[in-house]
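Trainee: For reference, the file run34.tsv (TSV, C-alpha atoms) is included below:
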```tsv
chain	number	residue	atom	x	y	z
A	230	MET	CA	109.22	91.20	100.10
A	231	PRO	CA	111.48	94.24	99.39
A	232	GLY	CA	109.89	97.56	98.52
A	233	THR	CA	111.19	97.47	94.93
A	234	ASP	CA	109.53	94.09	94.39
A	235	LEU	CA	106.25	95.41	95.80
A	236	ALA	CA	106.45	98.38	93.43
A	237	ARG	CA	107.12	96.04	90.50
A	238	LEU	CA	104.21	93.85	91.54
A	239	ARG	CA	101.88	96.84	91.77
A	240	LEU	CA	102.94	98.05	88.30
A	241	ALA	CA	102.48	94.62	86.73
A	242	LEU	CA	99.01	94.20	88.24
A	243	THR	CA	98.06	97.71	87.14
A	244	LEU	CA	99.04	96.84	83.56
A	245	PHE	CA	96.92	93.68	83.63
A	246	PHE	CA	93.90	95.54	85.01
A	247	ALA	CA	94.27	98.25	82.34
A	248	LEU	CA	94.67	95.75	79.52
A	249	ASP	CA	91.65	93.79	80.71
A	250	GLY	CA	89.50	96.92	80.52
A	251	PHE	CA	90.93	97.84	77.12
A	252	VAL	CA	90.14	94.46	75.58
A	253	PHE	CA	86.69	94.20	77.16
A	254	ALA	CA	85.71	97.69	75.96
A	255	GLY	CA	86.94	96.86	72.47
A	256	TRP	CA	84.45	94.02	72.42
A	257	VAL	CA	81.45	95.83	73.88
A	258	VAL	CA	81.58	98.84	71.56
A	259	ARG	CA	81.28	96.48	68.58
A	260	ILE	CA	78.17	94.74	69.93
A	261	PRO	CA	75.81	96.77	67.67
A	262	ALA	CA	77.84	95.70	64.61
A	263	ILE	CA	77.89	92.08	65.78
A	264	LYS	CA	74.11	92.26	66.37
A	265	GLU	CA	73.58	93.43	62.79
A	266	GLN	CA	75.95	90.78	61.46
A	267	THR	CA	74.15	87.95	63.26
A	268	GLY	CA	70.64	89.34	62.60
A	269	ALA	CA	69.71	88.77	66.25
A	270	SER	CA	66.71	90.40	67.94
A	271	ALA	CA	67.09	92.18	71.28
A	272	GLY	CA	65.82	89.06	73.08
A	273	ALA	CA	68.09	86.70	71.12
A	274	LEU	CA	71.08	88.94	71.71
A	275	GLY	CA	70.16	89.02	75.40
A	276	LEU	CA	70.48	85.24	75.45
A	277	ALA	CA	73.76	85.17	73.52
A	278	LEU	CA	75.61	87.85	75.49
A	279	PRO	CA	75.44	85.96	78.80
A	280	GLY	CA	77.92	83.50	77.29
A	281	VAL	CA	80.64	85.75	78.69
A	282	SER	CA	79.20	86.01	82.17
A	283	ALA	CA	77.91	82.42	82.32
A	284	GLU	CA	81.31	80.89	81.72
A	285	ALA	CA	82.96	83.59	83.82
A	286	VAL	CA	80.81	82.60	86.80
A	287	VAL	CA	81.64	78.90	86.34
A	288	THR	CA	85.36	79.63	86.02
A	289	MET	CA	85.43	81.96	89.00
A	290	ALA	CA	84.14	79.20	91.23
A	291	LEU	CA	87.23	77.15	90.32
A	292	THR	CA	89.89	79.84	90.01
A	293	GLY	CA	90.24	80.40	93.76
A	294	ARG	CA	91.45	76.80	94.09
A	295	LEU	CA	93.83	77.22	91.15
A	296	CYS	CA	95.29	80.35	92.74
A	297	ARG	CA	95.92	78.53	96.00
A	298	ARG	CA	97.59	75.63	94.18
A	299	TYR	CA	99.59	77.37	91.44
A	300	GLY	CA	99.71	80.98	92.64
A	301	SER	CA	97.64	83.92	91.47
A	302	HIS	CA	100.46	85.29	89.30
A	303	LEU	CA	100.73	82.25	87.02
A	304	VAL	CA	96.95	81.93	86.75
A	305	THR	CA	96.73	85.62	85.79
A	306	VAL	CA	99.20	85.24	82.92
A	307	VAL	CA	97.63	82.05	81.53
A	308	CYS	CA	94.12	83.52	81.60
A	309	ALA	CA	95.40	86.73	80.01
A	310	VAL	CA	96.76	84.84	77.00
A	311	LEU	CA	93.47	82.96	76.56
A	312	LEU	CA	91.49	86.20	76.83
A	313	ARG	CA	93.56	87.97	74.16
A	314	LEU	CA	93.13	85.07	71.74
A	315	SER	CA	89.39	84.62	72.31
A	316	VAL	CA	88.38	88.28	71.80
A	317	GLY	CA	88.89	87.84	68.07
A	318	LEU	CA	86.29	85.07	67.75
A	319	PRO	CA	82.91	86.96	67.98
A	320	PRO	CA	83.18	88.70	64.57
A	321	LEU	CA	83.69	85.30	62.93
A	322	THR	CA	80.15	84.21	63.88
A	323	HIS	CA	76.95	84.72	61.86
A	324	SER	CA	74.16	83.68	64.23
A	325	ALA	CA	73.17	84.28	67.85
A	326	PRO	CA	73.79	80.61	68.88
A	327	ASP	CA	77.26	80.68	67.31
A	328	LEU	CA	78.02	83.94	69.09
A	329	GLY	CA	76.91	82.51	72.43
A	330	THR	CA	79.14	79.48	71.88
A	331	VAL	CA	82.37	81.38	71.18
A	332	LEU	CA	81.66	83.73	74.06
A	333	LEU	CA	81.95	80.77	76.43
A	334	LEU	CA	85.72	80.70	75.89
A	335	PHE	CA	85.98	84.46	76.20
A	336	GLY	CA	83.95	84.32	79.41
A	337	ALA	CA	86.06	81.53	80.89
A	338	ALA	CA	89.27	83.50	80.40
A	339	TYR	CA	87.63	86.72	81.61
A	340	GLY	CA	86.32	85.12	84.77
A	341	GLY	CA	89.62	83.44	85.55
A	342	ILE	CA	91.78	86.53	85.17
A	343	ASN	CA	89.41	88.64	87.28
A	344	VAL	CA	89.65	86.31	90.26
A	345	ALA	CA	93.41	85.85	89.83
A	346	PHE	CA	94.52	89.46	89.62
A	347	ASN	CA	91.98	90.61	92.21
A	348	SER	CA	93.36	87.98	94.61
A	349	ALA	CA	96.89	89.23	94.00
A	350	ALA	CA	95.71	92.82	94.49
A	351	VAL	CA	93.94	92.01	97.79
A	352	ASP	CA	97.16	90.42	99.07
A	353	LEU	CA	99.15	93.52	98.10
A	354	VAL	CA	96.62	95.82	99.80
A	355	ALA	CA	97.00	93.79	103.00
A	356	VAL	CA	100.79	94.00	102.90
A	357	LEU	CA	100.92	97.73	102.13
A	358	ARG	CA	98.10	98.46	104.62
A	359	ARG	CA	96.78	101.20	102.34
A	360	PRO	CA	93.34	101.30	100.65
A	361	ILE	CA	94.75	101.15	97.10
A	362	MET	CA	92.26	98.65	95.70
A	363	PRO	CA	90.32	101.33	93.77
A	364	SER	CA	93.52	102.31	91.94
A	365	PHE	CA	93.67	98.89	90.25
A	366	HIS	CA	90.06	99.16	89.19
A	367	ALA	CA	90.79	102.71	88.02
A	368	ALA	CA	93.34	101.18	85.66
A	369	PHE	CA	90.63	98.82	84.39
A	370	SER	CA	88.29	101.76	83.80
A	371	LEU	CA	91.03	103.80	82.15
A	372	GLY	CA	91.75	100.90	79.84
A	373	GLY	CA	88.02	100.67	79.13
A	374	MET	CA	87.84	104.37	78.35
A	375	VAL	CA	90.76	104.16	75.92
A	376	GLY	CA	89.40	100.97	74.34
A	377	ALA	CA	85.94	102.48	73.91
A	378	GLY	CA	87.38	105.73	72.57
A	379	LEU	CA	89.45	103.82	70.04
A	380	GLY	CA	86.35	101.83	69.10
A	381	ALA	CA	84.46	105.07	68.52
A	382	LEU	CA	87.19	106.27	66.18
A	383	VAL	CA	87.39	103.12	64.08
A	384	ALA	CA	83.72	102.01	64.15
A	385	GLY	CA	82.86	103.89	60.96
A	386	PHE	CA	85.57	102.47	58.73
A	387	LEU	CA	87.15	99.40	60.33
A	388	SER	CA	85.37	96.04	60.38
A	389	PRO	CA	84.82	94.29	63.72
A	390	THR	CA	87.10	91.48	62.56
A	391	ARG	CA	90.09	93.74	61.90
A	392	HIS	CA	89.44	95.77	65.02
A	393	LEU	CA	89.19	92.84	67.43
A	394	TRP	CA	92.09	90.90	65.92
A	395	GLY	CA	94.13	94.08	66.24
A	396	LEU	CA	93.26	94.04	69.94
A	397	THR	CA	94.48	90.45	70.09
A	398	ALA	CA	97.89	91.41	68.68
A	399	VAL	CA	98.31	94.40	71.00
A	400	GLY	CA	97.05	92.39	73.97
A	401	LEU	CA	99.50	89.56	73.47
A	402	LEU	CA	102.40	92.00	73.17
A	403	VAL	CA	101.53	93.80	76.42
A	404	THR	CA	100.84	90.47	78.16
A	405	ALA	CA	104.34	89.27	77.24
A	406	VAL	CA	105.89	92.35	78.90
A	407	ALA	CA	103.63	92.53	81.96
A	408	GLY	CA	103.56	88.75	82.38
A	409	ARG	CA	107.34	88.51	82.57
A	410	MET	CA	107.34	91.26	85.20
A	411	LEU	CA	104.59	89.58	87.22
A	412	LEU	CA	106.15	86.10	87.16
A	413	ARG	CA	109.39	87.52	88.52
A	414	CYS	CA	107.49	88.49	91.69
A	415	GLU	CA	106.79	85.71	94.15
A	416	PRO	CA	103.09	85.52	95.16
A	417	LEU	CA	102.52	87.01	98.61
A	418	THR	CA	101.86	84.53	101.42
A	419	PRO	CA	99.76	84.81	104.59
A	420	ALA	CA	103.02	85.38	106.46
A	421	ASP	CA	103.72	88.44	104.28
A	422	ARG	CA	100.32	89.78	105.29
A	423	GLY	CA	100.96	89.10	108.98
A	424	ARG	CA	98.42	86.26	109.08
A	425	PRO	CA	98.79	82.54	109.90
A	426	GLU	CA	98.94	79.92	107.18
A	427	PRO	CA	95.48	78.54	106.40
A	428	SER	CA	94.67	74.96	107.30
A	429	ALA	CA	91.72	72.62	107.27
A	430	ALA	CA	91.18	73.48	110.93
A	431	HIS	CA	90.98	77.18	110.13
A	432	ARG	CA	88.40	77.27	107.40
A	433	PRO	CA	86.13	80.35	107.28
A	434	SER	CA	83.33	80.18	109.83
A	435	GLY	CA	79.70	80.14	108.84
A	436	ARG	CA	79.39	83.82	109.77
A	437	THR	CA	82.40	84.68	107.61
A	438	ARG	CA	80.96	82.82	104.63
A	439	ARG	CA	77.65	84.63	105.05
A	440	LEU	CA	79.39	88.00	105.18
A	441	VAL	CA	81.36	87.17	102.05
A	442	ILE	CA	78.07	86.42	100.29
A	443	VAL	CA	76.62	89.73	101.51
A	444	PHE	CA	79.60	91.63	100.12
A	445	GLY	CA	79.21	89.61	96.95
A	446	LEU	CA	75.66	90.93	96.64
A	447	ILE	CA	77.04	94.48	96.55
A	448	ALA	CA	79.36	93.35	93.76
A	449	LEU	CA	76.37	91.75	91.98
A	450	CYS	CA	74.35	94.96	92.05
A	451	THR	CA	77.34	96.93	90.76
A	452	ALA	CA	78.30	94.48	88.02
A	453	TYR	CA	74.69	94.42	86.84
A	454	GLY	CA	74.97	98.15	86.17
A	455	GLU	CA	78.36	97.87	84.49
A	456	GLY	CA	77.14	95.02	82.31
A	457	ALA	CA	73.94	96.84	81.40
A	458	LEU	CA	75.75	99.90	80.11
A	459	ALA	CA	78.46	97.84	78.44
A	460	ASP	CA	76.01	95.60	76.56
A	461	TRP	CA	73.06	97.95	76.03
A	462	GLY	CA	74.30	101.53	76.47
A	463	ALA	CA	75.52	101.99	72.90
A	464	LEU	CA	72.42	100.30	71.50
A	465	HIS	CA	70.14	102.66	73.45
A	466	LEU	CA	71.94	105.71	72.07
A	467	GLU	CA	71.83	104.43	68.49
A	468	GLN	CA	68.40	102.79	68.47
A	469	ASP	CA	66.34	105.07	70.73
A	470	LEU	CA	68.09	108.43	70.37
A	471	GLY	CA	69.31	108.25	66.77
A	472	ALA	CA	73.03	108.59	67.52
A	473	SER	CA	75.59	107.60	64.89
A	474	PRO	CA	77.66	104.44	65.48
A	475	GLY	CA	80.65	106.55	66.48
A	476	ALA	CA	78.63	108.70	68.89
A	477	ALA	CA	76.93	105.61	70.32
A	478	ALA	CA	80.32	104.07	71.04
A	479	LEU	CA	81.10	107.13	73.18
A	480	GLY	CA	78.46	105.94	75.66
A	481	TYR	CA	80.66	103.34	77.27
A	482	SER	CA	83.65	105.69	76.95
A	483	CYS	CA	81.89	108.38	79.04
A	484	PHE	CA	80.81	105.75	81.56
A	485	ALA	CA	84.36	104.36	81.76
A	486	LEU	CA	85.85	107.86	82.08
A	487	ALA	CA	83.58	108.65	85.02
A	488	MET	CA	84.45	105.33	86.67
A	489	THR	CA	88.14	106.09	86.14
A	490	VAL	CA	87.82	109.48	87.83
A	491	GLY	CA	85.83	107.94	90.67
A	492	ARG	CA	88.35	105.16	91.20
A	493	LEU	CA	91.40	107.41	90.91
A	494	THR	CA	89.98	109.36	93.84
A	495	GLY	CA	88.80	106.17	95.57
A	496	THR	CA	91.88	105.73	97.74
A	497	THR	CA	91.48	109.29	99.06
A	498	LEU	CA	87.73	108.85	99.56
A	499	LEU	CA	88.21	105.61	101.48
A	500	ALA	CA	90.90	107.17	103.66
A	501	ARG	CA	88.69	110.17	104.50
A	502	LEU	CA	85.15	108.79	104.45
A	503	GLY	CA	85.65	105.11	105.23
A	504	ARG	CA	84.09	102.19	103.38
A	505	THR	CA	80.50	102.66	104.51
A	506	ARG	CA	80.11	106.32	103.59
A	507	THR	CA	81.94	105.75	100.30
A	508	VAL	CA	79.48	103.00	99.40
A	509	LEU	CA	76.47	105.05	100.52
A	510	ALA	CA	77.53	108.08	98.50
A	511	GLY	CA	78.34	106.01	95.42
A	512	GLY	CA	75.16	103.96	95.48
A	513	SER	CA	72.98	107.04	95.92
A	514	THR	CA	74.70	108.81	93.03
A	515	ALA	CA	74.19	105.86	90.68
A	516	THR	CA	70.56	105.57	91.74
A	517	ALA	CA	70.00	109.18	90.69
A	518	GLY	CA	72.09	109.04	87.51
A	519	MET	CA	70.68	106.04	85.66
A	520	PRO	CA	67.12	107.36	85.16
A	521	LEU	CA	68.64	110.41	83.47
A	522	GLY	CA	70.68	108.19	81.18
A	523	ALA	CA	67.65	106.06	80.34
A	524	PHE	CA	65.04	108.80	79.74
A	525	ALA	CA	67.16	111.72	78.50
A	526	PRO	CA	65.71	113.37	75.35
A	527	SER	CA	69.06	113.64	73.56
A	528	PRO	CA	72.24	111.57	73.20
A	529	TRP	CA	74.33	114.19	74.99
A	530	ALA	CA	72.02	114.30	78.01
A	531	ALA	CA	72.06	110.50	78.09
A	532	LEU	CA	75.87	110.54	78.02
A	533	PHE	CA	75.79	112.81	81.07
A	534	GLY	CA	73.49	110.33	82.82
A	535	TYR	CA	75.88	107.49	81.95
A	536	ALA	CA	78.75	109.51	83.43
A	537	VAL	CA	76.90	110.20	86.69
A	538	THR	CA	76.05	106.50	86.97
A	539	GLY	CA	79.67	105.52	86.36
A	540	LEU	CA	80.88	107.96	89.00
A	541	GLY	CA	78.47	106.44	91.50
A	542	LEU	CA	79.25	102.80	90.77
A	543	ALA	CA	83.01	103.38	90.60
A	544	ASN	CA	84.13	102.17	94.03
A	545	LEU	CA	81.37	99.75	95.00
A	546	PHE	CA	82.85	96.67	93.29
A	547	PRO	CA	86.48	97.14	94.48
A	548	VAL	CA	85.33	97.80	98.05
A	549	ALA	CA	83.11	94.70	98.03
A	550	VAL	CA	85.84	92.43	96.61
A	551	GLU	CA	88.50	93.81	98.94
A	552	ARG	CA	86.30	93.24	102.01
A	553	ALA	CA	85.47	89.69	100.91
A	554	GLY	CA	89.12	88.94	100.21
A	555	ALA	CA	90.18	90.33	103.58
A	556	LEU	CA	87.76	87.91	105.23
A	557	ALA	CA	88.49	84.75	103.25
A	558	ASP	CA	91.54	85.25	100.97
A	559	PRO	CA	91.23	83.86	97.37
A	560	SER	CA	88.06	81.95	98.18
A	561	GLY	CA	86.46	85.20	99.36
A	562	VAL	CA	87.51	86.99	96.18
A	563	ALA	CA	86.21	84.08	94.12
A	564	THR	CA	82.85	84.04	95.90
A	565	ALA	CA	82.34	87.81	95.68
A	566	SER	CA	83.48	87.87	92.05
A	567	THR	CA	81.23	84.95	91.17
A	568	LEU	CA	78.23	86.73	92.64
A	569	GLY	CA	79.34	89.98	91.06
A	570	TYR	CA	79.59	88.60	87.57
A	571	GLY	CA	76.38	86.74	88.25
A	572	GLY	CA	74.98	90.26	87.97
A	573	MET	CA	76.37	90.44	84.47
A	574	LEU	CA	74.85	87.03	83.78
A	575	LEU	CA	71.48	88.23	85.03
A	576	GLY	CA	71.63	91.65	83.41
A	577	PRO	CA	71.73	91.01	79.64
A	578	PRO	CA	68.77	88.61	79.42
A	579	ALA	CA	66.77	90.56	82.01
A	580	ILE	CA	67.23	93.81	80.15
A	581	GLY	CA	66.68	92.12	76.79
A	582	PHE	CA	63.36	90.62	77.87
A	583	MET	CA	62.26	93.85	79.58
A	584	ALA	CA	63.20	95.78	76.43
A	585	ASP	CA	61.07	93.44	74.30
A	586	ARG	CA	58.13	93.69	76.69
A	587	PHE	CA	58.33	97.39	77.59
A	588	SER	CA	61.21	99.42	76.16
A	589	LEU	CA	64.98	99.61	76.50
A	590	PRO	CA	64.86	102.87	78.52
A	591	VAL	CA	62.47	101.28	81.03
A	592	ALA	CA	64.68	98.20	81.23
A	593	LEU	CA	67.76	100.30	81.97
A	594	THR	CA	66.12	101.78	85.09
A	595	SER	CA	66.67	98.42	86.77
A	596	VAL	CA	70.29	99.57	87.17
A	597	ALA	CA	69.07	102.32	89.52
A	598	VAL	CA	67.00	99.83	91.51
A	599	LEU	CA	69.98	97.55	92.16
A	600	ALA	CA	72.24	100.51	92.95
A	601	ALA	CA	69.74	101.41	95.67
A	602	VAL	CA	69.87	97.82	96.96
A	603	ALA	CA	73.69	98.01	97.15
A	604	THR	CA	73.36	101.22	99.14
A	605	VAL	CA	71.04	99.56	101.65
A	606	ILE	CA	73.38	96.56	102.04
A	607	GLY	CA	76.36	98.89	102.53
A	608	PHE	CA	74.52	100.64	105.36
A	609	ALA	CA	73.43	97.34	106.93
A	610	THR	CA	77.06	96.05	107.05
A	611	ARG	CA	78.54	99.30	108.37
A	612	ARG	CA	79.61	97.71	111.68
A	613	VAL	CA	81.39	94.71	110.14
A	614	ASN	CA	85.15	94.79	110.69
A	615	THR	CA	87.25	93.02	108.02
A	616	GLY	CA	90.59	94.12	109.36
```
Using structure tokens, write down the structure from this file.
Mentor:
Amino acid sequence: MPGTDLARLRLALTLFFALDGFVFAGWVVRIPAIKEQTGASAGALGLALPGVSAEAVVTMALTGRLCRRYGSHLVTVVCAVLLRLSVGLPPLTHSAPDLGTVLLLFGAAYGGINVAFNSAAVDLVAVLRRPIMPSFHAAFSLGGMVGAGLGALVAGFLSPTRHLWGLTAVGLLVTAVAGRMLLRCEPLTPADRGRPEPSAAHRPSGRTRRLVIVFGLIALCTAYGEGALADWGALHLEQDLGASPGAAALGYSCFALAMTVGRLTGTTLLARLGRTRTVLAGGSTATAGMPLGAFAPSPWAALFGYAVTGLGLANLFPVAVERAGALADPSGVATASTLGYGGMLLGPPAIGFMADRFSLPVALTSVAVLAAVATVIGFATRRVNTG
């Protein structure tokens, strides 16, 4: 593929990653308002929120096959349209069961697009032979920061319905532009990556499948932390520390900003430190940062803790997905992503139940525990070569 086409492909994928973060953040910063609207308890909300991750996990298990059959570019565009349409549904609900039901569609689209554009990104990384995977996830985090910042600005005077349907309109417009650009680029093939075409006789070995699962566990530990702060970070600031709705919405914005900074420097870090030391440094930082965010005496100190946690978690997920994809192509991405978003599926109810039994600050420390687990796994797999 010519260099201009590769540049166009990289730009289109970057736009999709950024828009995905923007839309997702727009939803999460309105969770406190949706909680009040539905009258749900912390435990009930913890059961409703996994609708996103539950359907995402189911969809991810199937999307790898769809990408191999129809191409990751087409699957990305279709899932993007579904995601933009479904983000407007949560504010139309008035009970926790109804909310959980509509989030199934949102989760299906979210899971599908994450496997599709990550698969396309892994292919591009292999062709360019540069560790640029964090740059795509930086775009996601930047979109999340902007989306959360916008949510903080409008939370005090704009209803969740108007806000989220506004995101739908903007999302569809950007999808039309980026989708046209992406569909003009042919999906990369194994030949483009200097690898043989896959066949039934060359399925991943048992060892390869086990390694993919191990990398997926790193993604799980990371996504657990991202999901915890997305779903519960604003509520902790507002409920436990007395922050205003606008200030509480800044929680995810600070977290997303720190992840953006971490991922923008991720390519340089990977080039200089390598994957293992990048994972070790990130996991250790997140392990230290989350207790500060959970037990800080003021909203501003908690925001600092969120930022430290985001900086630490920044590159763990992209490194894990890239390594899994390098081993097993779209099926590796699908497996790692499925396990990763399984962390988001596990996180909301686990934190909700722990919050009901103990307290929300105590529940949030589980993020630090899993960040430590990811660090240990990263060290244990330091000698694995994924090419």
Trainee: Identify which of the residues A:Leu332, A:Val441, A:Cys450, A:Leu371 lies closest to Thr516 of chain A, counting all atoms listed in the file when measuring atom-to-atom distances.
Mentor: A:Cys450
Trainee: I want to know what sits within 9 Å of Asp460 of chain A, based on only C-alpha atoms, with residues of the same chain fewer than 3 positions away left out; could you give that as a list of chain:residue names?
Mentor: A:Val257, A:Val258, A:Ile260, A:Pro261, A:Gly275, A:Leu278, A:Glu455, A:Gly456, A:Ala457, A:Ala463, A:Leu464, A:Pro577
Trainee: List as a short mmCIF file (atom, residue, chain, number, x, y, z; two decimals) with C-alpha atoms, in the coordinates of the input the protein and nucleic acid residues near segment 547-556 of chain A, meaning an atom at most 10 Å away when only C-alpha atoms are counted, but skip any in the same chain fewer than 5 places from it.
Mentor:
```cif
data_model
loop_
_atom_site.label_atom_id
_atom_site.label_comp_id
_atom_site.auth_asym_id
_atom_site.auth_seq_id
_atom_site.Cartn_x
_atom_site.Cartn_y
_atom_site.Cartn_z
CA VAL A 344 89.65 86.31 90.26
CA ASN A 347 91.98 90.61 92.21
CA SER A 348 93.36 87.98 94.61
CA ALA A 349 96.89 89.23 94.00
CA ALA A 350 95.71 92.82 94.49
CA VAL A 351 93.94 92.01 97.79
CA ASP A 352 97.16 90.42 99.07
CA VAL A 354 96.62 95.82 99.80
CA ALA A 355 97.00 93.79 103.00
CA PRO A 360 93.34 101.30 100.65
CA ILE A 361 94.75 101.15 97.10
CA MET A 362 92.26 98.65 95.70
CA PRO A 363 90.32 101.33 93.77
CA SER A 364 93.52 102.31 91.94
CA PHE A 365 93.67 98.89 90.25
CA HIS A 366 90.06 99.16 89.19
CA ALA A 367 90.79 102.71 88.02
CA PRO A 433 86.13 80.35 107.28
CA THR A 437 82.40 84.68 107.61
CA ARG A 438 80.96 82.82 104.63
CA LEU A 440 79.39 88.00 105.18
CA VAL A 441 81.36 87.17 102.05
CA ILE A 442 78.07 86.42 100.29
CA VAL A 443 76.62 89.73 101.51
CA PHE A 444 79.60 91.63 100.12
CA GLY A 445 79.21 89.61 96.95
CA LEU A 446 75.66 90.93 96.64
CA ILE A 447 77.04 94.48 96.55
CA ALA A 448 79.36 93.35 93.76
CA LEU A 449 76.37 91.75 91.98
CA THR A 451 77.34 96.93 90.76
CA ARG A 492 88.35 105.16 91.20
CA GLY A 495 88.80 106.17 95.57
CA LEU A 499 88.21 105.61 101.48
CA ARG A 504 84.09 102.19 103.38
CA THR A 505 80.50 102.66 104.51
CA THR A 507 81.94 105.75 100.30
CA VAL A 508 79.48 103.00 99.40
CA LEU A 542 79.25 102.80 90.77
CA GLY A 561 86.46 85.20 99.36
CA VAL A 562 87.51 86.99 96.18
CA ALA A 563 86.21 84.08 94.12
CA THR A 564 82.85 84.04 95.90
CA ALA A 565 82.34 87.81 95.68
CA SER A 566 83.48 87.87 92.05
CA GLY A 569 79.34 89.98 91.06
CA GLY A 607 76.36 98.89 102.53
CA VAL A 613 81.39 94.71 110.14
CA ASN A 614 85.15 94.79 110.69
CA THR A 615 87.25 93.02 108.02
CA GLY A 616 90.59 94.12 109.36
#
```
Trainee: Would you work out the distance separating atom CA of Leu574 of chain A from atom CA of Thr243 of chain A, expressed in Å to one decimal?
Mentor: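 Atom CA of Thr243 of chain A lies 25.8 Å from atom CA of Leu574 of chain A.
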Trainee: Name all residues at most 9 Å from segment 312-327 of chain A (count only C-alpha atoms; drop same-chain ones fewer than 3 positions away) and give them as a count of residues only.
Mentor: 47
Trainee: Out of A:Val596, A:Ala603, A:Leu357, A:Ala476, which residue has the shortest atom-to-atom distance to Pro528 of chain A when counting all atoms listed in the file?
Mentor: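 Nearest candidate to Pro528 of chain A out of A:Val596, A:Ala603, A:Leu357, A:Ala476: A:Ala476.
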Trainee: How far is it from atom CA of Arg409 of chain A to atom CA of Arg297 of chain A, in Å with one decimal?
Mentor: 20.3 Å
Trainee: For Ala517 of chain A, work out the shell of residues within 12 Å, counting all atoms listed in the file and skipping chain neighbours fewer than 2 positions away, then give it as a VMD selection string.
Mentor: chain A and resid 510 to 515 519 to 523 533 to 542 594 to 601
Trainee: Could you tell me how far atom CA of Ala592 of chain A lies from atom CA of Ala472 of chain A, in Å and to one decimal?
Mentor: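 Computing the Euclidean distance for atom CA of Ala592 of chain A and atom CA of Ala472 of chain A yields 19.1 Å.
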Trainee: Using only C-alpha atoms and a cutoff of 12 Å, can you tell me which residues are near (86.6, 105.0, 65.3) in the file's coordinates, and write them out as a PyMOL selection string?
Mentor: chain A and resi 255+258-259+375-389+392+473-479
Trainee: Can you pull out the residues contacting Val403 of chain A? Cut-off 10 Å, using all atoms listed in the file, and skip same-chain residues under 6 positions away; I want them as a list in words.
Mentor: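 Near neighbours after the sequence-gap exclusion: Leu244, Phe245, Leu248 and Arg409 of chain A.
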Trainee: Please produce a file of the residues just selected, as a compact mmCIF listing (two decimals), in the frame of the given file, where the atoms kept are C-alpha atoms.
Mentor:
```txt
# COMPACT_ATOMS: atom_id res chain seq x y z
CA LEU A 244 99.04 96.84 83.56
CA PHE A 245 96.92 93.68 83.63
CA LEU A 248 94.67 95.75 79.52
CA ARG A 409 107.34 88.51 82.57
```
Trainee: Please, could N, CA, C and O atoms be added to segment 543-552 of chain A and the result written as a PDB file, keeping the file's coordinate frame?
Mentor:
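Printed below is selection.pdb as written:
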```pdb
ATOM      1  N   ALA A 543      81.565 103.554  90.718  1.00  0.00           N
ATOM      2  CA  ALA A 543      83.010 103.380  90.600  1.00  0.00           C
ATOM      3  C   ALA A 543      83.654 102.521  91.684  1.00  0.00           C
ATOM      4  O   ALA A 543      84.394 101.581  91.381  1.00  0.00           O
ATOM      5  N   ASN A 544      83.383 102.820  92.944  1.00  0.00           N
ATOM      6  CA  ASN A 544      84.130 102.170  94.030  1.00  0.00           C
ATOM      7  C   ASN A 544      83.378 101.057  94.735  1.00  0.00           C
ATOM      8  O   ASN A 544      83.914 100.445  95.660  1.00  0.00           O
ATOM      9  N   LEU A 545      82.145 100.774  94.301  1.00  0.00           N
ATOM     10  CA  LEU A 545      81.370  99.750  95.000  1.00  0.00           C
ATOM     11  C   LEU A 545      81.970  98.356  94.800  1.00  0.00           C
ATOM     12  O   LEU A 545      82.111  97.587  95.755  1.00  0.00           O
ATOM     13  N   PHE A 546      82.300  98.007  93.563  1.00  0.00           N
ATOM     14  CA  PHE A 546      82.850  96.670  93.290  1.00  0.00           C
ATOM     15  C   PHE A 546      84.202  96.460  93.967  1.00  0.00           C
ATOM     16  O   PHE A 546      84.396  95.448  94.656  1.00  0.00           O
ATOM     17  N   PRO A 547      85.185  97.378  93.802  1.00  0.00           N
ATOM     18  CA  PRO A 547      86.480  97.140  94.480  1.00  0.00           C
ATOM     19  C   PRO A 547      86.376  97.062  95.991  1.00  0.00           C
ATOM     20  O   PRO A 547      87.073  96.255  96.618  1.00  0.00           O
ATOM     21  N   VAL A 548      85.502  97.865  96.593  1.00  0.00           N
ATOM     22  CA  VAL A 548      85.330  97.800  98.050  1.00  0.00           C
ATOM     23  C   VAL A 548      84.753  96.447  98.450  1.00  0.00           C
ATOM     24  O   VAL A 548      85.207  95.810  99.412  1.00  0.00           O
ATOM     25  N   ALA A 549      83.746  95.983  97.709  1.00  0.00           N
ATOM     26  CA  ALA A 549      83.110  94.700  98.030  1.00  0.00           C
ATOM     27  C   ALA A 549      84.104  93.545  97.909  1.00  0.00           C
ATOM     28  O   ALA A 549      84.175  92.672  98.784  1.00  0.00           O
ATOM     29  N   VAL A 550      84.877  93.522  96.827  1.00  0.00           N
ATOM     30  CA  VAL A 550      85.840  92.430  96.610  1.00  0.00           C
ATOM     31  C   VAL A 550      86.956  92.481  97.645  1.00  0.00           C
ATOM     32  O   VAL A 550      87.389  91.444  98.172  1.00  0.00           O
ATOM     33  N   GLU A 551      87.430  93.684  97.957  1.00  0.00           N
ATOM     34  CA  GLU A 551      88.500  93.810  98.940  1.00  0.00           C
ATOM     35  C   GLU A 551      88.040  93.327 100.318  1.00  0.00           C
ATOM     36  O   GLU A 551      88.768  92.633 101.025  1.00  0.00           O
ATOM     37  N   ARG A 552      86.813  93.671 100.706  1.00  0.00           N
ATOM     38  CA  ARG A 552      86.300  93.240 102.010  1.00  0.00           C
ATOM     39  C   ARG A 552      86.118  91.725 102.048  1.00  0.00           C
ATOM     40  O   ARG A 552      86.426  91.079 103.054  1.00  0.00           O
TER      41      ARG A 552
END
```
